[in-house]
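Participant: Below is data-v5.cif; it holds mmCIF, C-alpha atoms.
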data_entry
loop_
_atom_site.label_atom_id
_atom_site.label_comp_id
_atom_site.auth_asym_id
_atom_site.auth_seq_id
_atom_site.Cartn_x
_atom_site.Cartn_y
_atom_site.Cartn_z
CA ARG A 204 15.46 55.40 -6.24
CA ARG A 205 18.94 56.26 -5.30
CA GLY A 206 21.80 56.28 -7.71
CA GLY A 207 19.53 56.04 -10.75
CA GLY A 208 20.82 52.51 -11.50
CA GLY A 209 18.64 49.84 -13.01
CA GLY A 210 19.07 47.40 -10.10
CA VAL A 211 17.10 44.23 -9.64
CA THR A 212 14.10 44.52 -7.34
CA PRO A 213 11.38 42.01 -6.49
CA ALA A 214 9.07 43.81 -8.91
CA THR A 215 11.51 43.42 -11.81
CA MET A 216 12.21 39.72 -11.27
CA GLY A 217 8.97 38.37 -12.72
CA GLY A 218 9.06 34.62 -13.39
CA VAL A 219 12.85 34.34 -13.36
CA ALA A 220 14.46 32.35 -10.58
CA ALA A 221 16.12 34.64 -8.04
CA MET A 222 19.41 33.97 -6.28
CA LYS A 223 19.64 33.97 -2.50
CA ASP A 224 22.69 35.44 -0.82
CA ASP A 225 24.12 31.93 -0.31
CA GLY A 226 24.04 31.26 -4.06
CA VAL A 227 21.10 28.82 -4.08
CA ALA A 228 18.45 29.57 -6.67
CA ILE A 229 14.91 30.23 -5.46
CA PRO A 230 12.42 28.78 -7.96
CA ALA A 231 9.90 31.18 -9.46
CA ALA A 232 6.37 30.95 -8.09
CA ARG A 233 3.94 28.93 -10.18
CA SER A 234 0.70 30.50 -11.28
CA ALA A 235 -2.62 29.04 -10.14
CA LYS A 236 -3.31 27.56 -13.57
CA ASP A 237 0.02 25.67 -13.47
CA ARG A 238 -0.70 24.16 -10.06
CA GLY A 239 -4.26 22.91 -10.57
CA ASP A 240 -5.60 22.82 -7.02
CA PRO A 241 -4.73 26.16 -5.35
CA LYS A 242 -4.40 24.46 -1.94
CA ALA A 243 -2.14 21.65 -3.19
CA ILE A 244 1.46 21.69 -2.06
CA TRP A 245 2.67 19.20 -4.70
CA GLN A 246 1.51 18.12 -8.11
CA MET A 247 0.70 14.43 -8.59
CA SER A 248 3.63 14.11 -11.02
CA GLU A 249 5.99 15.13 -8.20
CA LEU A 250 4.71 12.30 -5.99
CA MET A 251 5.20 9.46 -8.46
CA ASP A 252 8.03 7.09 -7.59
CA ASP A 253 9.71 5.10 -10.34
CA PHE A 254 10.80 2.53 -7.75
CA ASP A 255 7.44 0.77 -7.78
CA ASP A 256 4.87 0.58 -10.51
CA ASP A 257 2.67 2.84 -8.33
CA GLU A 258 -0.10 0.29 -8.56
CA GLU A 259 -2.65 0.06 -5.82
CA GLU A 260 -2.81 -3.16 -3.85
CA GLY A 261 -6.10 -4.96 -3.77
CA ASP A 262 -7.63 -7.11 -1.05
CA GLY A 263 -5.45 -9.77 0.52
CA GLY A 264 -2.11 -8.06 -0.17
CA GLU A 265 -2.31 -8.60 -3.94
CA ASP A 266 -1.36 -6.05 -6.58
CA SER A 267 -3.22 -5.60 -9.88
CA HIS A 268 -1.29 -8.55 -11.40
CA GLY A 269 -2.33 -10.93 -8.61
CA LEU A 270 1.13 -11.05 -7.00
CA LEU A 271 1.24 -11.31 -3.21
CA THR A 272 3.26 -9.07 -0.90
CA PRO A 273 5.24 -11.36 1.42
CA LYS A 274 5.67 -10.78 5.15
CA TYR A 275 9.06 -9.37 6.11
CA GLU A 276 10.93 -7.94 9.08
CA PHE A 277 14.14 -6.00 9.72
CA ILE A 278 16.55 -7.18 12.41
CA TYR A 279 19.75 -5.39 13.46
CA LYS A 280 23.14 -6.83 14.45
CA GLN A 281 25.60 -5.06 16.71
CA ALA A 282 29.14 -6.19 17.52
CA ILE A 283 29.72 -5.79 21.26
CA SER A 284 32.13 -7.34 23.74
CA THR A 285 31.55 -8.39 27.33
CA ALA A 286 33.04 -5.06 28.44
CA ASP A 287 30.38 -3.28 26.37
CA ALA A 288 27.54 -5.44 27.64
CA PHE A 289 28.35 -5.66 31.34
CA LEU A 290 30.57 -2.68 32.11
CA GLY A 291 29.28 -0.13 29.62
CA MET A 292 32.84 0.54 28.46
CA SER A 293 31.96 1.50 24.90
CA HIS A 294 30.76 5.09 24.77
CA ASN A 295 29.68 4.98 21.14
CA LYS A 296 27.28 2.03 21.49
CA ASP A 297 23.65 2.18 22.49
CA PRO A 298 20.65 -0.11 21.91
CA GLY A 299 19.48 1.95 18.92
CA SER A 300 19.77 0.86 15.30
CA ARG A 301 22.26 3.69 14.53
CA SER A 302 24.89 1.83 16.57
CA CYS A 303 24.44 -1.42 14.62
CA GLU A 304 26.81 -2.64 11.95
CA ASP A 305 24.48 -4.95 10.01
CA MET A 306 20.85 -4.98 8.97
CA VAL A 307 19.09 -8.30 8.29
CA LEU A 308 15.92 -8.51 6.21
CA LYS A 309 13.93 -11.74 6.62
CA ILE A 310 11.29 -12.38 3.97
CA LYS A 311 8.83 -15.27 4.35
CA LEU A 312 8.00 -16.80 0.95
CA PRO A 313 5.66 -19.78 1.51
CA GLY A 314 5.49 -22.07 -1.51
CA THR A 315 8.87 -21.02 -2.89
CA LYS A 316 11.19 -24.02 -3.26
CA SER A 317 14.54 -22.38 -4.03
CA MET A 318 16.26 -19.04 -4.42
CA SER A 319 16.49 -19.62 -8.18
CA GLU A 320 12.75 -18.83 -8.43
CA LEU A 321 13.43 -15.28 -7.19
CA ASP A 322 14.50 -12.17 -9.08
CA LEU A 323 16.30 -10.03 -6.49
CA ASN A 324 17.65 -6.51 -6.96
CA VAL A 325 19.38 -4.88 -3.99
CA GLU A 326 20.55 -1.25 -4.06
CA SER A 327 21.97 0.94 -1.29
CA ASP A 328 18.54 2.27 -0.26
CA ARG A 329 16.01 -0.34 -1.43
CA LEU A 330 15.20 -3.90 -2.40
CA GLN A 331 13.04 -5.29 -5.19
CA LEU A 332 11.99 -8.94 -5.15
CA ARG A 333 9.81 -10.67 -7.75
CA SER A 334 8.72 -14.23 -8.36
CA HIS A 335 5.79 -15.87 -10.09
CA VAL A 336 3.85 -15.53 -6.77
CA TYR A 337 5.40 -12.61 -4.86
CA LYS A 338 6.36 -8.98 -5.37
CA LEU A 339 8.11 -6.82 -2.76
CA ASN A 340 9.46 -3.29 -3.09
CA VAL A 341 10.85 -1.91 0.16
CA TYR A 342 13.07 1.00 1.16
CA PHE A 343 15.71 0.31 3.80
CA PRO A 344 15.60 2.22 7.10
CA HIS A 345 19.36 2.89 6.70
CA LYS A 346 21.67 3.14 3.68
CA ALA A 347 23.46 -0.16 3.07
CA ASN A 348 26.62 -1.39 1.35
CA SER A 349 24.74 -3.56 -1.13
CA ASP A 350 27.96 -4.86 -2.75
CA LYS A 351 29.03 -6.46 0.54
CA GLY A 352 25.68 -8.07 1.36
CA LYS A 353 24.78 -11.73 1.26
CA ALA A 354 21.56 -13.65 0.76
CA GLU A 355 20.78 -17.04 2.29
CA TRP A 356 17.83 -19.32 1.54
CA ASP A 357 16.33 -21.41 4.35
CA GLN A 358 14.42 -24.10 2.45
CA LYS A 359 12.79 -25.62 5.52
CA ALA A 360 11.37 -22.28 6.73
CA GLU A 361 10.87 -21.00 3.14
CA THR A 362 12.56 -17.76 4.19
CA LEU A 363 15.08 -15.52 2.43
CA LYS A 364 17.56 -13.85 4.79
CA ILE A 365 19.50 -10.88 3.39
CA THR A 366 22.34 -9.47 5.52
CA LEU A 367 23.65 -6.04 4.57
CA PRO A 368 26.32 -3.92 6.25
CA ILE A 369 24.92 -0.51 7.21
CA ALA A 370 26.79 2.29 5.45
CA GLU A 371 28.44 4.92 7.63
CA ASP A 372 27.26 8.50 7.17
CA GLU A 373 29.50 11.60 7.04
CA ASP A 374 29.74 11.75 10.84
CA GLY A 375 31.03 8.18 11.14
CA PHE A 376 27.71 6.79 12.40
CA TYR A 377 26.05 3.74 10.92
#
Turn this file's structure into structure tokens for me.
Facilitator:
Amino acid sequence: RRGGGGGVTPATMGGVAAMKDDGVAIPAARSAKDRGDPKAIWQMSELMDDFDDDEEEGDGGEDSHGLLTPKYEFIYKQAISTADAFLGMSHNKDPGSRSCEDMVLKIKLPGTKSMSELDLNVESDRLQLRSHVYKLNVYFPHKANSDKGKAEWDQKAETLKITLPIAEDEDGFY
């Protein structure tokens, strides 16, 4: 040792979290008894998601309470002009979903008579829908401005259509 100082070395760190040179803490390694399976990357508690009840679905798309998972699809809307469509004038538009302004979620709910039968919770990254027949928990493919969204009920088709503006990210993309 040079200088005779009591500096910090890897051997003296033990179970304490170390600091990288960029200031981000490196968590201490867990012992084999803490991890359970020595080949496991995560513990089961780290994989649980409070978004859903983490219940397994049974046969026929039913959960353990007998609720059905409805069929749904995402559709994207993009505002373009004739110059964009025919002349390719807009350089920031392409056919991909990142160039779209709105995201539409269509949920088919056969047997549902009105939107008042539905309990709907929409957040920026997910949707939860419950009724006496159906249960749907779905993450959005893009972050959305849930406060500016709207929901429409098509009674004839028994379909709920939710339109949400896609939130821009830090780079100005949708």
Participant: Nearest residue to His345 in chain A out of A:Glu361, A:Glu276, A:Glu320, A:Glu371, using all atoms listed in the file?
Facilitator: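 So, comparing all the options, the nearest one is A:Glu371.
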Participant: Set the distance at 10 Å and use all atoms listed in the file: which residues neighbour Ala354 in chain A once local chain neighbours fewer than 3 positions away are removed? I'd like the list as a list in words.
Facilitator: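 Result of the neighbour search: Val307, Leu308, Lys309, Met318, Leu323, Leu363, Lys364, Ile365, Thr366 and Leu367 of chain A.
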Participant: Figure out the distance between CA of Lys280 in chain A and CA of Leu312 in chain A, please, to one decimal in Å.
Facilitator: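 Taking CA of Leu312 in chain A and CA of Lys280 in chain A, their separation equals 22.6 Å.
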Participant: Using all atoms listed in the file, can you tell me which of A:His268, A:Lys311, A:Arg329, A:Lys359 comes closest to Lys346 in chain A?
Facilitator: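 Of all the options, A:Arg329 lies closest to Lys346 in chain A.
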Participant: Extract, using all atoms listed in the file, all DNA, RNA and protein residues at most 6 Å from Ser327 in chain A, discarding same-chain residues fewer than 4 positions from it, and format them as an mmCIF file with C-alpha atoms, keeping the file's coordinate frame.
Facilitator:
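Output saved as part_21.cif:
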data_model
loop_
_atom_site.group_PDB
_atom_site.id
_atom_site.type_symbol
_atom_site.label_atom_id
_atom_site.label_comp_id
_atom_site.auth_asym_id
_atom_site.auth_seq_id
_atom_site.Cartn_x
_atom_site.Cartn_y
_atom_site.Cartn_z
ATOM 1 C CA LYS A 346 21.670 3.140 3.680
ATOM 2 C CA ALA A 347 23.460 -0.160 3.070
ATOM 3 C CA ASN A 348 26.620 -1.390 1.350
ATOM 4 C CA SER A 349 24.740 -3.560 -1.130
#
Participant: CA of Leu270 in chain A to CA of Lys316 in chain A: how many Å, to one decimal?
Facilitator: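 CA of Lys316 in chain A lies 16.8 Å from CA of Leu270 in chain A.
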Participant: Specify as an MDAnalysis selection string each residue included when the PyMOL selection byres ((chain A and resi 321) around 12) is applied to this file.
Facilitator: chainID A and resid 310 312 314:320 322:324 331:339 354 356 362:363
Participant: Would you compute the distance between CA of Tyr279 in chain A and CA of Gln358 in chain A? Give it in Å to one decimal.
Facilitator: 22.4 Å
